[in-house]
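Participant: File name query-v2.cif; file contents mmCIF, C-alpha atoms; full text below.
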```
data_data
loop_
_atom_site.group_PDB
_atom_site.id
_atom_site.type_symbol
_atom_site.label_atom_id
_atom_site.label_comp_id
_atom_site.auth_asym_id
_atom_site.auth_seq_id
_atom_site.Cartn_x
_atom_site.Cartn_y
_atom_site.Cartn_z
ATOM 1 C CA MET A 264 82.173 76.919 104.856
ATOM 2 C CA ALA A 265 79.503 79.220 103.458
ATOM 3 C CA ALA A 266 80.184 81.183 100.317
ATOM 4 C CA SER A 267 80.925 84.807 101.045
ATOM 5 C CA ALA A 268 78.803 87.518 99.514
ATOM 6 C CA SER A 269 80.390 89.762 96.930
ATOM 7 C CA THR A 270 80.890 93.367 97.922
ATOM 8 C CA PRO A 271 79.225 96.236 96.084
ATOM 9 C CA CYS A 272 81.341 97.973 93.457
ATOM 10 C CA LEU A 273 83.107 101.262 94.040
ATOM 11 C CA PRO A 274 82.134 104.043 91.620
ATOM 12 C CA MET A 275 85.347 104.058 89.584
ATOM 13 C CA GLY A 276 87.662 101.400 88.148
ATOM 14 C CA TYR A 277 91.240 102.440 87.413
ATOM 15 C CA SER A 278 94.932 101.579 87.258
ATOM 16 C CA VAL A 279 97.819 103.594 88.705
ATOM 17 C CA THR A 280 101.337 104.184 87.376
ATOM 18 C CA TYR A 281 104.190 106.446 88.426
ATOM 19 C CA ALA A 282 106.609 108.098 86.019
ATOM 20 C CA SER A 283 108.622 110.872 87.632
ATOM 21 C CA PRO A 284 107.444 113.474 88.488
ATOM 22 C CA SER A 285 103.769 112.424 88.470
ATOM 23 C CA TRP A 286 101.214 109.709 89.082
ATOM 24 C CA THR A 287 98.784 108.740 86.351
ATOM 25 C CA VAL A 288 95.405 107.233 87.220
ATOM 26 C CA LEU A 289 93.962 105.659 84.068
ATOM 27 C CA VAL A 290 90.173 105.454 84.356
ATOM 28 C CA ASP A 291 88.517 102.182 83.289
ATOM 29 C CA TYR A 292 84.970 103.264 84.236
ATOM 30 C CA ALA A 293 83.407 106.042 86.304
ATOM 31 C CA PRO A 294 79.974 107.483 87.133
ATOM 32 C CA ALA A 295 78.405 109.444 84.286
ATOM 33 C CA ALA A 296 78.847 112.933 85.712
ATOM 34 C CA PRO A 297 80.047 116.137 84.051
ATOM 35 C CA LEU A 298 83.295 117.705 85.235
ATOM 36 C CA ASN A 299 81.492 120.527 87.056
ATOM 37 C CA VAL A 300 80.241 117.957 89.609
ATOM 38 C CA THR A 301 83.409 115.840 89.649
ATOM 39 C CA TRP A 302 85.913 116.824 92.329
ATOM 40 C CA TYR A 303 89.364 115.953 93.605
ATOM 41 C CA TRP A 304 90.785 116.515 97.077
ATOM 42 C CA SER A 305 93.415 119.249 97.038
ATOM 43 C CA TRP A 306 95.644 118.278 99.951
ATOM 44 C CA TRP A 307 97.605 121.541 99.747
ATOM 45 C CA ASN A 308 94.621 123.691 100.741
ATOM 46 C CA GLY A 309 92.290 121.179 102.398
ATOM 47 C CA THR A 310 89.283 121.447 100.064
ATOM 48 C CA PHE A 311 87.665 119.674 97.153
ATOM 49 C CA GLU A 312 88.216 121.327 93.766
ATOM 50 C CA SER A 313 86.396 120.775 90.495
ATOM 51 C CA PHE A 314 88.232 119.290 87.532
ATOM 52 C CA VAL A 315 86.795 122.156 85.444
ATOM 53 C CA GLY A 316 89.669 124.386 84.401
ATOM 54 C CA HIS A 317 92.255 121.704 85.167
ATOM 55 C CA ALA A 318 92.009 119.674 81.976
ATOM 56 C CA GLY A 319 94.205 119.259 78.948
ATOM 57 C CA ARG A 320 97.682 119.903 80.325
ATOM 58 C CA PRO A 321 100.249 118.057 82.431
ATOM 59 C CA PRO A 322 100.415 118.683 86.177
ATOM 60 C CA THR A 323 103.016 121.005 87.672
ATOM 61 C CA SER A 324 104.068 121.951 91.176
ATOM 62 C CA PHE A 325 101.725 124.981 90.813
ATOM 63 C CA GLU A 326 98.804 122.946 89.408
ATOM 64 C CA PRO A 327 99.317 119.510 90.986
ATOM 65 C CA VAL A 328 96.166 117.767 89.699
ATOM 66 C CA THR A 329 95.033 117.805 86.080
ATOM 67 C CA LEU A 330 92.814 115.691 83.869
ATOM 68 C CA ASP A 331 93.364 114.429 80.340
ATOM 69 C CA ASP A 332 89.784 114.286 79.027
ATOM 70 C CA VAL A 333 90.795 111.906 76.236
ATOM 71 C CA ASP A 334 87.385 111.619 74.563
ATOM 72 C CA GLY A 335 86.570 115.309 75.093
ATOM 73 C CA ASN A 336 83.115 114.552 76.514
ATOM 74 C CA GLY A 337 83.463 116.904 79.487
ATOM 75 C CA ALA A 338 83.103 114.072 82.001
ATOM 76 C CA LEU A 339 85.445 111.743 83.848
ATOM 77 C CA SER A 340 85.094 108.563 81.778
ATOM 78 C CA ALA A 341 86.901 105.496 80.438
ATOM 79 C CA SER A 342 90.406 106.170 79.068
ATOM 80 C CA ASP A 343 90.665 109.568 80.775
ATOM 81 C CA ARG A 344 93.757 110.155 82.893
ATOM 82 C CA ILE A 345 94.007 111.943 86.216
ATOM 83 C CA ARG A 346 97.576 113.248 86.567
ATOM 84 C CA ILE A 347 98.996 114.104 89.988
ATOM 85 C CA TRP A 348 102.295 115.943 90.524
ATOM 86 C CA ASP A 349 104.437 114.230 93.169
ATOM 87 C CA ASP A 350 108.126 114.714 92.398
ATOM 88 C CA SER A 351 109.128 113.377 95.837
ATOM 89 C CA GLN A 352 106.806 110.358 95.443
ATOM 90 C CA SER A 353 105.489 111.047 98.949
ATOM 91 C CA LEU A 354 101.724 110.974 98.295
ATOM 92 C CA ARG A 355 99.953 107.767 99.310
ATOM 93 C CA ASN A 356 96.347 108.500 98.318
ATOM 94 C CA ALA A 357 94.203 110.698 96.127
ATOM 95 C CA THR A 358 90.461 111.219 96.461
ATOM 96 C CA VAL A 359 87.870 111.741 93.725
ATOM 97 C CA ALA A 360 84.283 112.761 94.486
ATOM 98 C CA TRP A 361 81.037 113.191 92.574
ATOM 99 C CA TYR A 362 78.024 115.528 92.889
ATOM 100 C CA GLY A 363 77.296 118.074 95.593
ATOM 101 C CA ASP A 364 79.637 121.043 95.809
ATOM 102 C CA ALA A 365 83.138 121.785 97.093
ATOM 103 C CA SER A 366 82.002 121.886 100.726
ATOM 104 C CA ARG A 367 79.666 118.886 100.639
ATOM 105 C CA VAL A 368 80.377 116.282 97.995
ATOM 106 C CA GLY A 369 78.012 113.416 97.213
ATOM 107 C CA TYR A 370 80.248 110.352 97.400
ATOM 108 C CA THR A 371 83.977 109.804 97.318
ATOM 109 C CA GLU A 372 86.462 107.164 96.314
ATOM 110 C CA GLY A 373 89.977 106.934 97.705
ATOM 111 C CA LEU A 374 92.658 106.010 95.182
ATOM 112 C CA PRO A 375 95.782 104.357 96.633
ATOM 113 C CA LEU A 376 98.817 105.783 94.839
ATOM 114 C CA SER A 377 100.957 102.705 94.395
ATOM 115 C CA ASP A 378 102.712 101.966 91.108
ATOM 116 C CA GLY A 379 100.889 99.083 89.423
ATOM 117 C CA HIS A 380 97.804 99.259 91.672
ATOM 118 C CA ARG A 381 94.592 98.378 89.862
ATOM 119 C CA TYR A 382 90.959 98.409 90.958
ATOM 120 C CA GLY A 383 88.264 96.739 88.927
ATOM 121 C CA CYS A 384 85.001 95.626 90.437
ATOM 122 C CA SER A 385 84.773 91.927 91.092
ATOM 123 C CA GLY A 386 81.671 92.283 93.222
ATOM 124 C CA GLY A 387 78.295 93.655 92.441
ATOM 125 C CA PRO A 388 75.189 95.009 94.048
ATOM 126 C CA LEU A 389 73.856 93.170 97.075
ATOM 127 C CA PRO A 390 71.521 90.260 96.307
ATOM 128 C CA LEU A 391 67.918 91.153 97.164
ATOM 129 C CA TRP A 392 67.810 88.796 100.145
ATOM 130 C CA GLU A 393 70.816 90.616 101.705
ATOM 131 C CA ASP A 394 69.568 94.158 101.118
ATOM 132 C CA PRO A 395 68.304 95.603 104.447
ATOM 133 C CA ILE A 396 65.591 97.704 102.761
ATOM 134 C CA VAL A 397 64.178 94.658 100.962
ATOM 135 C CA LEU A 398 64.280 92.601 104.177
ATOM 136 C CA LEU A 399 62.472 95.338 106.091
ATOM 137 C CA GLY A 400 59.837 95.649 103.358
ATOM 138 C CA ALA A 401 59.311 91.875 103.272
ATOM 139 C CA SER A 402 58.972 91.776 107.078
ATOM 140 C CA VAL A 403 56.349 94.525 107.039
ATOM 141 C CA ALA A 404 54.467 92.732 104.241
ATOM 142 C CA VAL A 405 54.431 89.428 106.174
ATOM 143 C CA VAL A 406 53.152 91.150 109.331
ATOM 144 C CA ALA A 407 50.470 92.957 107.290
ATOM 145 C CA VAL A 408 49.284 89.693 105.688
ATOM 146 C CA ILE A 409 49.117 87.921 109.070
ATOM 147 C CA ALA A 410 47.260 90.870 110.612
ATOM 148 C CA GLY A 411 44.843 90.859 107.668
ATOM 149 C CA ILE A 412 44.129 87.141 108.095
ATOM 150 C CA VAL A 413 43.595 87.498 111.854
ATOM 151 C CA LEU A 414 41.292 90.500 111.429
ATOM 152 C CA SER A 415 39.260 88.838 108.678
ATOM 153 C CA ARG A 416 38.732 85.733 110.850
ATOM 154 C CA ARG A 417 37.638 87.894 113.783
ATOM 155 C CA SER A 418 35.140 89.786 111.621
ATOM 156 C CA ARG A 419 33.489 86.494 110.527
ATOM 157 C CA ARG A 420 32.598 85.576 114.106
#
```
Can you dump the structure from the file as structure tokens?

Facilitator:
Amino acid sequence: MAASASTPCLPMGYSVTYASPSWTVLVDYAPAAPLNVTWYWSWWNGTFESFVGHAGRPPTSFEPVTLDDVDGNGALSASDRIRIWDDSQSLRNATVAWYGDASRVGYTEGLPLSDGHRYGCSGGPLPLWEDPIVLLGASVAVVAVIAGIVLSRRSRR
């Protein structure tokens, strides 16, 4: 059996715990992006909202998602905590996004809300020989070299 390729890493590593009435997502690593381009999905109104203005306090039923910016660097980073109010423990997922704006975010990561869930990357970027862009570039280069050889031989005749 052939060895399987590792999958690329998701943007954020984290662990999840539940202590009534809220979930805590402890960040292990995340993209280096300031809070003004870091978003969360607000399920109650169907839009993405910035973490700006939602930091430094516990969540409530009126402000269900907050961020503890532990290191105070103004970015979602290691040791920070995303806190999500869920007194009925009915939420199954949360979504964090980076870059773009509230109507068109750059990329997203779904966070399963399950007590004890942990995500840490065990994969990595695709090896060069599996990357479609590299394969396409190599194919074009091979065709160009062959065409160059054929044309140079024809010009000698």

Participant: Decode the PyMOL selection byres ((chain A and resi 290) around 6) for the given file into explicit residues and return them as JSON, numbers by chain.

Facilitator: {"A": [277, 289, 291, 292, 341, 342, 343]}

Participant: Can you spell out as a PDB file with C-alpha atoms, in the coordinates of the input the set of residues that the PyMOL selection byres ((chain A and resi 362) around 10) selects in the structure I just provided?

Facilitator:
```pdb
ATOM      1  CA  ALA A 296      78.847 112.933  85.712  1.00  0.00           C
ATOM      2  CA  PRO A 297      80.047 116.137  84.051  1.00  0.00           C
ATOM      3  CA  LEU A 298      83.295 117.705  85.235  1.00  0.00           C
ATOM      4  CA  ASN A 299      81.492 120.527  87.056  1.00  0.00           C
ATOM      5  CA  VAL A 300      80.241 117.957  89.609  1.00  0.00           C
ATOM      6  CA  THR A 301      83.409 115.840  89.649  1.00  0.00           C
ATOM      7  CA  TRP A 302      85.913 116.824  92.329  1.00  0.00           C
ATOM      8  CA  ALA A 360      84.283 112.761  94.486  1.00  0.00           C
ATOM      9  CA  TRP A 361      81.037 113.191  92.574  1.00  0.00           C
ATOM     10  CA  GLY A 363      77.296 118.074  95.593  1.00  0.00           C
ATOM     11  CA  ASP A 364      79.637 121.043  95.809  1.00  0.00           C
ATOM     12  CA  ALA A 365      83.138 121.785  97.093  1.00  0.00           C
ATOM     13  CA  ARG A 367      79.666 118.886 100.639  1.00  0.00           C
ATOM     14  CA  VAL A 368      80.377 116.282  97.995  1.00  0.00           C
ATOM     15  CA  GLY A 369      78.012 113.416  97.213  1.00  0.00           C
ATOM     16  CA  TYR A 370      80.248 110.352  97.400  1.00  0.00           C
ATOM     17  CA  THR A 371      83.977 109.804  97.318  1.00  0.00           C
TER      18      THR A 371
END
```

Participant: Specify as a ChimeraX atom specification each residue included when the PyMOL selection byres ((chain A and resi 323) around 9) is applied to this file.

Facilitator: /A:284-285,321-322,324-329,347-349

Participant: Go through A:Ala357, A:Ala318, A:Val413, A:Val406 one by one, measure the shortest atom-to-atom distance of each to Arg344 (chain A) using only C-alpha atoms, and give the residue with the smallest value.

Facilitator: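 Once distances to Arg344 (chain A) are computed over only C-alpha atoms, the minimum belongs to A:Ala318.
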
Participant: Hey, can you check how far CA of Trp304 (chain A) sits from CA of Cys272 (chain A)?

Facilitator: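 Computed distance, CA of Trp304 (chain A) to CA of Cys272 (chain A), equals 21.1 Å.
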
Participant: Rank nothing, just name the residue among A:Thr358, A:Pro375, A:Ser418, A:Cys384 nearest to Gly309 (chain A), using only C-alpha atoms.

Facilitator: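 Among the listed residues, the smallest separation from Gly309 (chain A) belongs to A:Thr358.
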
Participant: For CA of Arg419 (chain A) and CA of Val403 (chain A), quote the distance in Å rounded to one decimal.

Facilitator: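 Computing the Euclidean distance for CA of Arg419 (chain A) and CA of Val403 (chain A) yields 24.5 Å.
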
Participant: Nearest residue to Ser377 (chain A) out of A:Gly400, A:Phe314, A:Leu330, A:Ser353, using only C-alpha atoms?

Facilitator: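 Comparing A:Gly400, A:Phe314, A:Leu330, A:Ser353 against Ser377 (chain A), the winner is A:Ser353.
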
Participant: Would you mind telling me which residue in A:Thr280, A:Met275, A:Ser340, A:His380 lies nearest to Val359 (chain A) when using all atoms listed in the file?

Facilitator: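 Looking only at the distances to Val359 (chain A), the closest residue turns out to be A:Met275.
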